[in-house]
$ cat my_file_8.tsv   # TSV, C-alpha atoms
chain	number	residue	atom	x	y	z
V	19	MET	CA	0.00	0.00	0.00
V	20	ILE	CA	1.25	3.48	-0.88
V	21	THR	CA	1.82	5.83	2.08
V	22	LEU	CA	2.81	9.47	2.58
V	23	ASN	CA	4.90	10.73	5.48
V	24	ILE	CA	2.82	13.50	7.02
V	25	ARG	CA	4.37	14.99	10.16
V	26	GLN	CA	6.27	11.81	10.94
V	27	ASN	CA	3.17	9.66	10.46
V	28	LEU	CA	2.81	7.24	7.57
V	29	ILE	CA	-0.64	7.90	6.14
V	30	PRO	CA	-1.90	5.17	3.79
V	31	ILE	CA	-3.63	6.14	0.57
V	32	ASP	CA	-5.97	3.17	0.78
V	33	HIS	CA	-8.68	4.91	-1.24
V	34	PRO	CA	-8.70	7.98	-3.53
V	35	TRP	CA	-8.22	11.34	-1.81
V	36	VAL	CA	-9.76	14.68	-2.73
V	37	MET	CA	-7.64	17.85	-2.65
V	38	GLY	CA	-9.55	21.12	-2.31
V	39	ILE	CA	-8.19	24.20	-4.11
V	40	LEU	CA	-7.73	27.38	-2.07
V	41	ASN	CA	-6.89	30.20	-4.48
V	42	LEU	CA	-5.36	33.29	-2.88
V	43	THR	CA	-4.91	34.82	-6.34
V	44	PRO	CA	-6.98	37.69	-7.75
V	45	ASP	CA	-6.66	36.31	-11.29
V	46	SER	CA	-7.47	32.61	-11.08
V	47	PHE	CA	-9.22	31.35	-14.23
V	48	PHE	CA	-12.28	30.37	-12.16
V	49	ASP	CA	-13.28	33.61	-10.50
V	50	LYS	CA	-15.67	32.03	-7.98
V	51	SER	CA	-12.73	30.17	-6.43
V	52	ARG	CA	-10.80	33.33	-5.57
V	53	ILE	CA	-10.35	33.97	-1.86
V	54	ASP	CA	-9.92	37.60	-0.87
V	55	SER	CA	-10.55	37.66	2.89
V	56	THR	CA	-9.75	35.70	6.04
V	57	LYS	CA	-13.45	35.08	6.56
V	58	LYS	CA	-13.86	33.51	3.13
V	59	LEU	CA	-10.67	31.49	3.59
V	60	LEU	CA	-11.89	29.96	6.85
V	61	ARG	CA	-15.41	29.37	5.56
V	62	THR	CA	-14.16	27.70	2.36
V	63	ALA	CA	-11.63	25.54	4.20
V	64	GLU	CA	-14.18	24.49	6.82
V	65	ASN	CA	-16.71	23.55	4.14
V	66	MET	CA	-14.15	21.59	2.12
V	67	LEU	CA	-13.01	19.61	5.14
V	68	ALA	CA	-16.61	18.95	6.18
V	69	ASP	CA	-17.35	17.74	2.64
V	70	GLY	CA	-14.51	15.25	2.84
V	71	ALA	CA	-11.36	16.94	1.50
V	72	LYS	CA	-8.23	15.10	2.63
V	73	ILE	CA	-5.86	17.88	1.53
V	74	LEU	CA	-6.19	21.65	1.18
V	75	ASP	CA	-3.96	23.09	-1.56
V	76	ILE	CA	-3.03	26.73	-0.99
V	77	GLY	CA	-1.83	28.76	-3.95
V	78	ALA	CA	-0.89	32.42	-4.30
V	79	GLN	CA	0.56	32.50	-7.82
V	80	SER	CA	-1.88	31.95	-10.67
V	81	THR	CA	-0.63	29.34	-13.13
V	82	ARG	CA	-3.38	29.71	-15.71
V	83	PRO	CA	-2.16	30.13	-19.32
V	84	GLY	CA	-0.62	33.57	-19.74
V	85	ALA	CA	-0.73	34.39	-16.03
V	86	GLN	CA	1.48	37.22	-14.88
V	87	GLU	CA	4.23	36.09	-12.53
V	88	ILE	CA	4.33	37.82	-9.14
V	89	SER	CA	7.42	38.30	-6.98
V	90	ALA	CA	8.47	35.83	-4.30
V	91	GLU	CA	7.79	38.52	-1.72
V	92	ASP	CA	4.21	38.96	-2.90
V	93	GLU	CA	3.66	35.21	-2.99
V	94	ILE	CA	4.95	34.83	0.56
V	95	SER	CA	2.86	37.76	1.79
V	96	ARG	CA	-0.26	35.99	0.51
V	97	ILE	CA	0.58	32.46	1.61
V	98	LEU	CA	2.02	32.86	5.10
V	99	PRO	CA	-0.96	34.52	6.81
V	100	ALA	CA	-3.31	31.97	5.25
V	101	LEU	CA	-1.08	29.04	6.15
V	102	LYS	CA	-0.68	30.19	9.76
V	103	ILE	CA	-4.39	30.67	10.37
V	104	LEU	CA	-5.33	27.38	8.68
V	105	ARG	CA	-2.71	25.50	10.70
V	106	LYS	CA	-4.11	27.07	13.88
V	107	GLU	CA	-7.81	26.59	13.10
V	108	PHE	CA	-7.54	23.15	11.48
V	109	PRO	CA	-4.56	21.47	13.17
V	110	GLY	CA	-5.41	18.05	11.78
V	111	ALA	CA	-5.76	19.13	8.17
V	112	ILE	CA	-3.17	18.17	5.56
V	113	LEU	CA	-2.00	21.45	4.02
V	114	SER	CA	-0.29	21.62	0.64
V	115	ILE	CA	1.46	24.68	-0.79
V	116	ASP	CA	1.21	25.22	-4.53
V	117	THR	CA	4.49	26.92	-5.46
V	118	PHE	CA	7.43	26.54	-7.82
V	119	ARG	CA	9.76	28.65	-5.66
V	120	ALA	CA	12.28	27.10	-3.25
V	121	GLU	CA	12.11	30.09	-0.93
V	122	VAL	CA	8.35	29.79	-0.58
V	123	ALA	CA	8.59	26.03	-0.03
V	124	GLN	CA	11.18	26.42	2.71
V	125	ILE	CA	9.31	29.14	4.59
V	126	SER	CA	6.05	27.26	4.26
V	127	ALA	CA	7.61	24.10	5.68
V	128	SER	CA	8.77	26.03	8.72
V	129	GLU	CA	5.21	27.30	9.27
V	130	GLY	CA	3.51	23.92	9.18
V	131	ALA	CA	2.98	22.98	5.52
V	132	ASP	CA	2.70	19.24	4.92
V	133	ILE	CA	3.18	18.93	1.13
V	134	ILE	CA	4.78	21.00	-1.64
V	135	ASN	CA	2.97	21.03	-4.98
V	136	ASP	CA	5.33	22.22	-7.73
V	137	ILE	CA	4.01	22.59	-11.28
V	138	SER	CA	7.56	22.74	-12.63
V	139	SER	CA	9.10	19.79	-10.73
V	140	GLY	CA	12.08	21.99	-9.87
V	141	ASP	CA	12.68	23.20	-13.42
V	142	ILE	CA	11.74	26.85	-12.83
V	143	ASP	CA	13.71	27.25	-9.60
V	144	PRO	CA	16.93	25.20	-9.66
V	145	GLU	CA	17.18	25.38	-5.87
V	146	MET	CA	13.84	23.66	-5.30
V	147	ILE	CA	15.08	20.07	-5.33
V	148	ASP	CA	17.84	20.75	-2.81
V	149	VAL	CA	15.32	22.47	-0.57
V	150	MET	CA	12.94	19.54	-0.86
V	151	ALA	CA	15.74	17.18	0.14
V	152	LYS	CA	16.29	19.35	3.20
V	153	ILE	CA	12.71	19.88	4.37
V	154	LYS	CA	11.66	16.27	3.64
V	155	LEU	CA	8.02	16.91	2.79
V	156	PRO	CA	6.04	14.93	0.21
V	157	TYR	CA	6.65	16.49	-3.19
V	158	ILE	CA	4.12	16.71	-6.01
V	159	ILE	CA	5.88	16.86	-9.36
V	160	MET	CA	4.05	17.77	-12.53
V	161	HIS	CA	4.83	17.69	-16.24
V	162	MET	CA	4.60	21.02	-18.02
V	163	GLN	CA	5.85	21.94	-21.49
V	164	GLY	CA	7.13	25.50	-21.24
V	165	THR	CA	5.97	27.97	-18.57
V	166	PRO	CA	2.53	29.33	-17.67
V	167	GLN	CA	3.36	32.36	-19.81
V	168	ASN	CA	3.97	30.38	-23.02
V	169	MET	CA	2.84	26.78	-22.44
V	170	GLN	CA	-0.28	26.98	-24.61
V	171	LYS	CA	1.45	28.48	-27.64
V	172	LYS	CA	1.23	25.51	-30.01
V	173	PRO	CA	2.53	22.68	-27.77
V	174	ILE	CA	3.88	19.79	-29.86
V	175	TYR	CA	4.49	16.12	-29.00
V	176	GLN	CA	5.28	13.03	-31.01
V	177	ASP	CA	3.61	10.88	-28.33
V	178	VAL	CA	2.35	12.90	-25.38
V	179	THR	CA	1.89	9.94	-23.00
V	180	LYS	CA	5.33	8.51	-23.72
V	181	GLU	CA	7.02	11.89	-23.37
V	182	VAL	CA	5.28	12.70	-20.09
V	183	ILE	CA	6.17	9.28	-18.67
V	184	ILE	CA	9.82	9.66	-19.70
V	185	TYR	CA	9.95	13.13	-18.14
V	186	LEU	CA	8.47	11.94	-14.84
V	187	SER	CA	10.69	8.86	-14.80
V	188	ASP	CA	13.83	10.97	-15.25
V	189	LYS	CA	12.64	13.40	-12.60
V	190	ILE	CA	11.87	10.64	-10.07
V	191	ASN	CA	15.35	9.19	-10.58
V	192	GLN	CA	16.85	12.64	-10.03
V	193	LEU	CA	14.85	13.09	-6.83
V	194	ARG	CA	15.72	9.68	-5.45
V	195	LEU	CA	19.43	10.39	-5.91
V	196	LYS	CA	18.81	13.37	-3.61
V	197	GLY	CA	17.10	11.18	-1.04
V	198	ILE	CA	13.57	12.28	-1.94
V	199	HIS	CA	11.19	9.33	-1.98
V	200	ASP	CA	7.80	10.74	-0.93
V	201	ILE	CA	6.75	11.65	-4.47
V	202	ILE	CA	3.31	12.25	-6.00
V	203	ILE	CA	3.10	12.47	-9.79
V	204	ASP	CA	0.84	14.73	-11.84
V	205	PRO	CA	0.65	14.33	-15.65
V	206	GLY	CA	-0.15	18.04	-15.94
V	207	PHE	CA	-3.51	18.22	-17.68
V	208	GLY	CA	-3.81	21.64	-19.31
V	209	PHE	CA	-0.15	22.57	-18.86
V	210	GLY	CA	1.46	22.82	-22.29
V	211	LYS	CA	-1.04	20.49	-23.91
V	212	THR	CA	-3.81	20.86	-26.46
V	213	THR	CA	-7.29	19.50	-25.82
V	214	LYS	CA	-6.40	16.43	-27.90
V	215	HIS	CA	-3.22	15.89	-25.89
V	216	ASN	CA	-5.21	16.06	-22.65
V	217	TYR	CA	-7.66	13.41	-23.80
V	218	GLN	CA	-4.86	11.19	-25.05
V	219	LEU	CA	-3.32	11.41	-21.59
V	220	MET	CA	-6.66	10.60	-19.98
V	221	ASN	CA	-7.08	7.56	-22.22
V	222	ASN	CA	-3.65	6.35	-21.17
V	223	LEU	CA	-3.73	7.36	-17.51
V	224	HIS	CA	-3.56	3.74	-16.35
V	225	HIS	CA	0.01	3.56	-17.66
V	226	PHE	CA	1.11	5.89	-14.87
V	227	GLN	CA	0.51	3.08	-12.36
V	228	PHE	CA	3.93	1.87	-13.51
V	229	PHE	CA	5.56	4.29	-11.07
V	230	ASN	CA	3.83	2.83	-8.00
V	231	ARG	CA	3.34	6.38	-6.73
V	232	PRO	CA	0.13	8.33	-6.09
V	233	VAL	CA	-1.21	9.87	-9.29
V	234	LEU	CA	-2.78	13.31	-8.90
V	235	VAL	CA	-5.25	14.50	-11.53
V	236	GLY	CA	-6.18	18.18	-11.78
V	237	ILE	CA	-8.82	18.80	-14.43
V	238	SER	CA	-11.32	20.83	-12.45
V	239	ARG	CA	-13.27	23.20	-14.73
V	240	LYS	CA	-10.33	23.38	-17.16
V	241	SER	CA	-10.31	24.03	-20.89
V	242	MET	CA	-10.32	20.32	-21.70
V	243	VAL	CA	-13.89	20.38	-20.38
V	244	ASN	CA	-14.88	23.75	-21.76
V	245	ASN	CA	-13.47	23.26	-25.25
V	246	VAL	CA	-15.45	20.07	-25.78
V	247	LEU	CA	-18.70	21.23	-24.19
V	248	GLU	CA	-18.40	24.82	-25.48
V	249	THR	CA	-18.96	26.16	-22.01
V	250	LYS	CA	-17.15	28.29	-19.43
V	251	PRO	CA	-15.52	27.38	-16.10
V	252	GLU	CA	-18.57	28.39	-14.07
V	253	ASN	CA	-20.68	25.86	-16.01
V	254	ALA	CA	-18.12	23.05	-16.16
V	255	LEU	CA	-18.91	21.06	-13.02
V	256	ASN	CA	-20.76	18.27	-14.81
V	257	GLY	CA	-17.99	17.80	-17.36
V	258	THR	CA	-15.43	17.87	-14.56
V	259	THR	CA	-17.29	15.11	-12.72
V	260	VAL	CA	-17.34	12.95	-15.85
V	261	LEU	CA	-13.58	13.30	-16.28
V	262	ASN	CA	-12.93	12.73	-12.58
V	263	THR	CA	-14.91	9.51	-12.87
V	264	LEU	CA	-12.78	8.37	-15.81
V	265	ALA	CA	-9.61	9.32	-13.94
V	266	LEU	CA	-10.62	7.23	-10.92
V	267	LEU	CA	-11.47	4.26	-13.11
V	268	LYS	CA	-7.98	4.55	-14.61
V	269	GLY	CA	-6.22	4.62	-11.24
V	270	ALA	CA	-6.04	8.24	-10.05
V	271	SER	CA	-5.16	8.47	-6.35
V	272	ILE	CA	-5.87	12.17	-5.76
V	273	LEU	CA	-8.38	14.50	-7.40
V	274	ARG	CA	-7.50	18.20	-7.21
V	275	VAL	CA	-10.80	20.10	-7.41
V	276	HIS	CA	-12.73	23.28	-6.75
V	277	ASP	CA	-15.87	21.32	-5.85
V	278	VAL	CA	-15.05	18.92	-3.03
V	279	LYS	CA	-18.51	17.57	-2.26
V	280	GLU	CA	-19.13	16.42	-5.82
V	281	ALA	CA	-15.65	14.87	-6.09
V	282	VAL	CA	-16.06	12.98	-2.82
V	283	GLU	CA	-19.40	11.63	-4.03
V	284	THR	CA	-17.71	10.51	-7.24
V	285	VAL	CA	-15.07	8.66	-5.21
V	286	ARG	CA	-17.75	6.98	-3.10
V	287	ILE	CA	-19.62	5.72	-6.14
V	288	ILE	CA	-16.48	4.38	-7.83
V	289	GLU	CA	-15.43	2.68	-4.59
V	290	TYR	CA	-18.85	1.03	-4.31
V	291	LEU	CA	-18.61	-0.04	-7.94
V	292	ASN	CA	-15.22	-1.63	-7.31
V	293	GLU	CA	-16.39	-3.32	-4.11
V	294	SER	CA	-19.44	-4.77	-5.83
V	295	ASN	CA	-17.17	-6.89	-8.01
V	296	LYS	CA	-15.46	-8.57	-5.06

$ encode --input "my_file_8.tsv" --output "structure tokens"
Amino acid sequence: MITLNIRQNLIPIDHPWVMGILNLTPDSFFDKSRIDSTKKLLRTAENMLADGAKILDIGAQSTRPGAQEISAEDEISRILPALKILRKEFPGAILSIDTFRAEVAQISASEGADIINDISSGDIDPEMIDVMAKIKLPYIIMHMQGTPQNMQKKPIYQDVTKEVIIYLSDKINQLRLKGIHDIIIDPGFGFGKTTKHNYQLMNNLHHFQFFNRPVLVGISRKSMVNNVLETKPENALNGTTVLNTLALLKGASILRVHDVKEAVETVRIIEYLNESNK
């Protein structure tokens, strides 16, 4: 059974987990997810945990296509107050920090973060991997072609699944040489991939079980839903649920979502489906 080391406790991932998104950014692609006050932060976190979220993922730098990069100082000024109050109010919650900066990861670890979620797998900030080896928190690594500023400008692959698997394999080997073994992998839906690439990855998601590591899937209200259904993020919950269902059937361990209740219900149904065959 796969486990994660959370505060010196080995936590088994014996069924799929749901990760709730806490956006501290004013320019997230899904405007209803933006958190702009302590009151909203606490209310959203409390509701997500009550609905069954296993992890809360706190982000202060938008990574939507074309997003403007903020300074490390601004990112820290957004994250630290939120992290401190969430750690105080919800001491048992598993808190993840969505950042590609080593400085932010290190400070967050000292203030009680449990996981670092890095969209660049250490490629943007070359100091990140050394910091992760030092702070010894579980590390989410994701595949991304390019950067948030240019990733959707005609991404090209010969075989997207093969190339993503090779990238993650090389990265895992690099991390293990540094003594980093608590690794979660994310194929990076929507990050430097066309709609067709995203669906090819979804079709082949079961191949990522090869790594014997938790597979995180983040497709919530993204363009791979909206482009097919010709809708917008605020109307993309149903499409998101369909894709989350497919991801679970193909072995996803963690669903990163805006809508925790619906994702938890999806997990419960898939678990019942699997149990009914035993």

$ closest_residue --input "my_file_8.tsv" --among "V:Ile103, V:Ala270, V:Ala123, V:Leu223" --to "Ala90 (chain V)" --atoms "only C-alpha atoms"
V:Ala123

$ residues_near_point --input "my_file_8.tsv" --point "(-1.1, 7.5, -1.9)" --cutoff "7 Å" --atoms "only C-alpha atoms" --output "list in words"
Ile20, Thr21, Leu22, Pro30, Ile31, Arg231, Pro232 and Ser271 of chain V

$ write_last_selection --input "my_file_8.tsv" --atoms "C-alpha atoms" --output "PDB file, in the frame of the given file"
ATOM      1  CA  ILE V  20       1.250   3.480  -0.880  1.00  0.00           C
ATOM      2  CA  THR V  21       1.820   5.830   2.080  1.00  0.00           C
ATOM      3  CA  LEU V  22       2.810   9.470   2.580  1.00  0.00           C
ATOM      4  CA  PRO V  30      -1.900   5.170   3.790  1.00  0.00           C
ATOM      5  CA  ILE V  31      -3.630   6.140   0.570  1.00  0.00           C
ATOM      6  CA  ARG V 231       3.340   6.380  -6.730  1.00  0.00           C
ATOM      7  CA  PRO V 232       0.130   8.330  -6.090  1.00  0.00           C
ATOM      8  CA  SER V 271      -5.160   8.470  -6.350  1.00  0.00           C
TER       9      SER V 271
END

$ atom_distance --input "my_file_8.tsv" --atom1 "CA of Asn41 (chain V)" --atom2 "CA of Glu280 (chain V)"
18.5 Å

$ residues_around --input "my_file_8.tsv" --residues "region 211-221 of chain V" --least-positions-apart "6" --cutoff "8 Å" --atoms "only C-alpha atoms" --output "list in words"
Gln163, Met169, Gln170, Lys172, Pro173, Ile174, Val178, Thr179, Pro205, Ser241, Met242, Asn245, Leu264 and Ala265 of chain V

$ closest_residue --input "my_file_8.tsv" --among "V:Ile203, V:Val182, V:Ile24, V:Leu40" --to "Gly130 (chain V)" --atoms "all atoms listed in the file"
V:Ile24
